[in-house]
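To be precise, the following lines are upload_34.txt, and they hold compact mmCIF, C-alpha atoms.
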```txt
# COMPACT_ATOMS: atom_id res chain seq x y z
CA MET A 747 98.47 -125.51 -33.90
CA VAL A 748 98.67 -126.61 -37.51
CA ARG A 749 98.11 -130.27 -38.31
CA LEU A 750 98.92 -131.57 -41.78
CA THR A 751 97.92 -135.13 -42.49
CA LYS A 752 98.18 -134.93 -46.26
CA ILE A 753 100.74 -132.80 -48.08
CA TYR A 754 99.08 -132.59 -51.47
CA THR A 755 95.49 -131.45 -52.00
CA ARG A 756 95.40 -131.01 -55.78
CA GLY A 757 93.85 -127.59 -55.08
CA GLY A 758 96.70 -125.82 -56.85
CA ASP A 759 96.79 -127.97 -59.95
CA LYS A 760 95.20 -125.21 -62.03
CA GLY A 761 97.63 -122.51 -60.88
CA GLU A 762 95.66 -121.16 -57.94
CA THR A 763 96.09 -121.28 -54.18
CA SER A 764 94.07 -120.17 -51.19
CA LEU A 765 94.86 -117.30 -48.87
CA SER A 766 94.19 -117.81 -45.17
CA ASP A 767 90.72 -116.30 -45.47
CA GLY A 768 89.82 -118.82 -48.20
CA THR A 769 90.12 -116.39 -51.12
CA ARG A 770 91.46 -118.13 -54.23
CA VAL A 771 94.27 -116.31 -56.04
CA ALA A 772 96.77 -117.13 -58.76
CA LYS A 773 99.97 -118.73 -57.50
CA ASP A 774 101.89 -115.81 -58.99
CA ASP A 775 99.74 -113.22 -57.21
CA LEU A 776 102.00 -110.57 -55.67
CA ARG A 777 100.82 -111.44 -52.15
CA VAL A 778 101.79 -115.09 -52.73
CA GLU A 779 105.09 -114.05 -54.34
CA THR A 780 105.87 -111.90 -51.30
CA TYR A 781 105.24 -114.55 -48.67
CA GLY A 782 107.02 -117.07 -50.90
CA THR A 783 110.08 -114.82 -50.86
CA VAL A 784 109.82 -114.61 -47.06
CA ASP A 785 109.86 -118.43 -47.02
CA GLU A 786 112.94 -118.38 -49.25
CA CYS A 787 114.67 -116.04 -46.78
CA SER A 788 113.85 -118.41 -43.95
CA SER A 789 115.35 -121.30 -45.90
CA ALA A 790 118.60 -119.38 -46.40
CA LEU A 791 118.64 -118.68 -42.66
CA GLY A 792 118.29 -122.42 -42.06
CA ILE A 793 121.57 -122.92 -43.90
CA ALA A 794 123.23 -120.05 -42.00
CA ARG A 795 122.17 -121.69 -38.73
CA LEU A 796 124.27 -124.74 -39.62
CA HIS A 797 127.37 -122.54 -39.45
CA ALA A 798 126.40 -120.24 -36.56
CA ASP A 799 127.63 -120.26 -32.98
CA PRO A 800 124.97 -121.11 -30.37
CA ALA A 801 124.08 -117.49 -29.54
CA LEU A 802 123.58 -116.49 -33.18
CA GLU A 803 121.83 -119.78 -33.93
CA ALA A 804 119.24 -118.94 -31.25
CA ILE A 805 118.70 -115.48 -32.79
CA LEU A 806 118.26 -116.97 -36.26
CA ALA A 807 115.86 -119.62 -34.93
CA ARG A 808 113.70 -116.88 -33.42
CA ILE A 809 113.79 -114.95 -36.69
CA GLN A 810 112.74 -118.03 -38.66
CA ASN A 811 109.75 -118.45 -36.36
CA ASP A 812 108.89 -114.76 -36.80
CA LEU A 813 109.14 -115.17 -40.57
CA PHE A 814 106.47 -117.86 -40.43
CA ASP A 815 104.30 -115.42 -38.48
CA LEU A 816 105.05 -112.79 -41.11
CA GLY A 817 104.14 -115.14 -43.95
CA ALA A 818 100.90 -116.04 -42.21
CA ASP A 819 100.20 -112.33 -41.76
CA LEU A 820 100.74 -111.68 -45.47
CA ALA A 821 98.56 -114.68 -46.36
CA CYS A 822 95.52 -112.99 -44.83
CA PRO A 823 94.49 -109.48 -45.90
CA VAL A 824 94.54 -107.13 -42.92
CA ASP A 825 90.83 -106.31 -43.28
CA GLN A 826 90.00 -109.95 -42.49
CA PRO A 827 89.81 -111.30 -38.94
CA TRP A 828 93.12 -112.95 -38.16
CA THR A 829 94.92 -113.27 -34.86
CA LEU A 830 98.45 -113.82 -36.16
CA ARG A 831 99.85 -110.41 -37.08
CA VAL A 832 103.42 -109.19 -36.90
CA THR A 833 103.69 -106.67 -34.05
CA GLN A 834 105.83 -103.66 -33.28
CA ALA A 835 107.32 -105.70 -30.40
CA GLN A 836 108.86 -108.08 -32.96
CA VAL A 837 110.32 -105.11 -34.85
CA ASP A 838 111.63 -103.64 -31.58
CA TRP A 839 113.36 -106.94 -30.74
CA LEU A 840 115.14 -106.88 -34.11
CA GLU A 841 116.29 -103.31 -33.46
CA ALA A 842 117.60 -104.12 -29.98
CA THR A 843 119.39 -107.23 -31.23
CA LEU A 844 120.88 -105.32 -34.16
CA ASP A 845 122.05 -102.46 -31.91
CA GLY A 846 123.66 -104.91 -29.48
CA MET A 847 125.71 -106.50 -32.27
CA ASN A 848 126.53 -103.28 -34.10
CA ASP A 849 127.94 -101.60 -30.99
CA HIS A 850 130.90 -104.01 -31.11
CA LEU A 851 131.72 -103.79 -34.82
CA LYS A 852 134.58 -102.04 -36.54
CA PRO A 853 133.16 -98.94 -38.28
CA LEU A 854 132.67 -99.21 -42.03
CA ASP A 855 135.02 -97.36 -44.37
CA SER A 856 133.93 -99.11 -47.57
CA PHE A 857 131.08 -101.17 -48.93
CA ILE A 858 131.32 -104.87 -48.14
CA LEU A 859 131.35 -107.70 -50.64
CA PRO A 860 129.23 -110.66 -49.49
CA GLY A 861 131.44 -113.45 -48.19
CA GLY A 862 134.01 -114.19 -45.57
CA THR A 863 132.97 -117.13 -43.44
CA PRO A 864 130.35 -119.62 -44.69
CA CYS A 865 127.92 -118.28 -42.08
CA ALA A 866 128.47 -114.68 -43.24
CA ALA A 867 127.98 -115.66 -46.88
CA TYR A 868 124.63 -117.31 -46.09
CA LEU A 869 123.58 -114.35 -43.94
CA HIS A 870 124.33 -112.02 -46.86
CA LEU A 871 122.27 -114.29 -49.12
CA ALA A 872 119.38 -114.18 -46.64
CA ARG A 873 119.79 -110.39 -46.44
CA THR A 874 119.39 -109.97 -50.19
CA ILE A 875 116.33 -112.22 -50.17
CA ALA A 876 114.85 -110.18 -47.30
CA ARG A 877 115.45 -107.01 -49.33
CA ARG A 878 113.61 -108.56 -52.30
CA ALA A 879 110.70 -109.45 -50.00
CA GLU A 880 110.75 -105.87 -48.73
CA ARG A 881 110.57 -104.48 -52.29
CA GLN A 882 107.72 -106.86 -53.11
CA CYS A 883 105.93 -105.79 -49.93
CA VAL A 884 106.23 -102.12 -50.93
CA THR A 885 104.65 -102.91 -54.30
CA LEU A 886 101.95 -105.00 -52.63
CA MET A 887 101.15 -102.19 -50.19
CA ARG A 888 100.94 -99.68 -53.04
CA ASP A 889 98.53 -101.93 -54.95
CA ASP A 890 96.61 -103.36 -51.98
CA ALA A 891 96.06 -101.46 -48.74
CA ASN A 892 95.22 -104.73 -46.94
CA VAL A 893 98.75 -105.29 -45.63
CA ASN A 894 99.90 -104.90 -42.03
CA SER A 895 102.42 -102.03 -42.03
CA ALA A 896 104.50 -103.79 -39.34
CA VAL A 897 105.41 -106.40 -41.98
CA LEU A 898 107.33 -103.80 -43.98
CA ARG A 899 109.07 -102.45 -40.89
CA TYR A 900 110.04 -106.00 -39.86
CA LEU A 901 111.53 -106.81 -43.28
CA ASN A 902 113.45 -103.54 -43.33
CA ARG A 903 115.00 -104.16 -39.89
CA LEU A 904 115.61 -107.82 -40.71
CA SER A 905 117.81 -107.03 -43.69
CA ASP A 906 119.76 -104.55 -41.54
CA LEU A 907 120.18 -107.13 -38.78
CA LEU A 908 121.37 -109.77 -41.25
CA PHE A 909 123.98 -107.34 -42.62
CA VAL A 910 125.25 -106.64 -39.11
CA ALA A 911 125.15 -110.35 -38.19
CA ALA A 912 127.25 -111.18 -41.28
CA ARG A 913 129.81 -108.61 -40.16
CA TRP A 914 129.63 -109.99 -36.61
CA VAL A 915 130.57 -113.51 -37.73
CA ASN A 916 133.36 -112.07 -39.89
CA ASP A 917 135.37 -111.46 -36.72
CA LYS A 918 133.29 -108.42 -35.78
CA GLY A 919 133.99 -106.80 -39.13
CA THR A 920 137.76 -107.21 -39.19
CA ALA A 921 137.49 -110.08 -41.70
CA ASP A 922 134.96 -108.36 -43.97
CA ILE A 923 135.79 -108.39 -47.66
CA LEU A 924 135.85 -104.76 -48.73
CA TRP A 925 134.91 -103.38 -52.11
CA VAL A 926 137.81 -101.64 -53.84
CA PRO A 927 136.25 -99.26 -56.39
CA GLY A 928 137.78 -99.59 -59.84
CA GLN A 929 140.30 -102.22 -58.70
CA ASN A 930 140.17 -104.22 -61.94
CA ARG A 931 139.77 -101.50 -64.58
CA ALA A 932 142.32 -101.49 -67.35
CA GLY A 933 144.71 -98.56 -67.69
```
This entry written out as structure tokens:
Amino acid sequence: MVRLTKIYTRGGDKGETSLSDGTRVAKDDLRVETYGTVDECSSALGIARLHADPALEAILARIQNDLFDLGADLACPVDQPWTLRVTQAQVDWLEATLDGMNDHLKPLDSFILPGGTPCAAYLHLARTIARRAERQCVTLMRDDANVNSAVLRYLNRLSDLLFVAARWVNDKGTADILWVPGQNRAG
């Protein structure tokens, strides 16, 4: 369990922070940027939860907890001893949850514009943030092999689940806002 008695430490006043293994890195280090983006995604999910029905709220709460695990995983290079790693079981749960929602959706016949209900709009926002974290993770993994590969799989499935969840809250896809290619071109 984490216990924080003092919020500020002054340790980052010169633009550095510590990873979980104690290594000091710049605050704009790609590893820090990546887990910071994961935190941003979790914050957007916190807003979506305010608009979600109880079943979806429970799913999003579980995801937020997993995202803290994922951030902790990223904060410690995989070659260091660390007990909190994202697992394939967490990825599998996302897949099963996603499949359960998607089975009841109207099939897509166009791309979807983010929006609809407030909950759907926030889920789309969280989805785009998750995709950014995924792209950052790919770059991090290319530059630094010390990343748990389950992190990338989790982020990939998460963005898919958030897309499906946004459709789910838009009346199972019937209230999605569809893209109309070229709708506003002159002449």
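The space separating CA of Val915 in chain A from CA of Arg903 in chain A comes to 18.3 Å.
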Per-residue nearest contacts of range 783-864 of chain A to range 909-914 of chain A (8 Å; only C-alpha atoms) as a Markdown table:
```
| residue | atom | partner | partner_atom | distance |
| --- | --- | --- | --- | --- |
| A:Leu844 | CA | A:Val910 | CA | 6.7 |
| A:Met847 | CA | A:Trp914 | CA | 6.8 |
| A:Asn848 | CA | A:Val910 | CA | 6.2 |
| A:Leu851 | CA | A:Trp914 | CA | 6.8 |
```
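Counting all atoms listed in the file, Lys773 in chain A has the following residues at most 8 Å away, ignoring those fewer than 3 positions along the same chain: Gly758, Gly761, Glu762, Thr763, Val778 and Glu779 of chain A.
Considering all atoms listed in the file, the residue among A:Asp815, A:Asp917, A:Asp767, A:Asp906 positioned nearest to Leu869 in chain A is A:Asp906.
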If we count all atoms listed in the file and set the cut-off at 12 Å, which residues sit around range 780-786 of chain A, ignoring sequence neighbours fewer than 4 positions away in its own chain? Please answer as JSON, numbers by chain. {"A": [765, 773, 774, 775, 776, 790, 791, 792, 793, 809, 810, 811, 812, 813, 814, 815, 816, 817, 818, 819, 820, 821, 822, 871, 872, 873, 874, 875, 876, 877, 878, 879, 880, 881, 882, 883, 884, 885, 886, 887, 893, 897, 898, 900, 901, 904, 905]}
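With only C-alpha atoms as the atoms that count, the residue of A:Gln836, A:His870, A:Gln929, A:Gly862 with the shortest distance to Ala896 in chain A is A:Gln836.
Residues in contact range of Leu854 in chain A, defined as at most 12 Å between only C-alpha atoms, with sequence neighbours fewer than 2 positions away removed, read Asn848, Leu851, Lys852, Ser856, Phe857, Ile858, Phe909, Val910, Arg913, Lys918, Gly919, Thr920, Ala921, Asp922, Ile923, Leu924 and Trp925 of chain A.
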Can you pull out the residues contacting Val824 in chain A? Cut-off 10 Å, using only C-alpha atoms, and skip same-chain residues under 6 positions away; I want them as a PyMOL selection string. chain A and resi 831+891-895
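Note that CA of Tyr868 in chain A and CA of Asn916 in chain A are 11.9 Å apart.
For the pair CA of Val771 in chain A and CA of Tyr754 in chain A, the separation is 17.6 Å.
Candidate residues A:Leu859, A:Val837, A:Ala866, A:Ile753 were compared for distance to Leu796 in chain A, and the nearest is A:Ala866, using all atoms listed in the file.
If all atoms listed in the file are the atoms counted, then among A:Ala932, A:Leu840, A:Val926, A:Leu908 the closest residue to Ala794 in chain A is A:Leu908.
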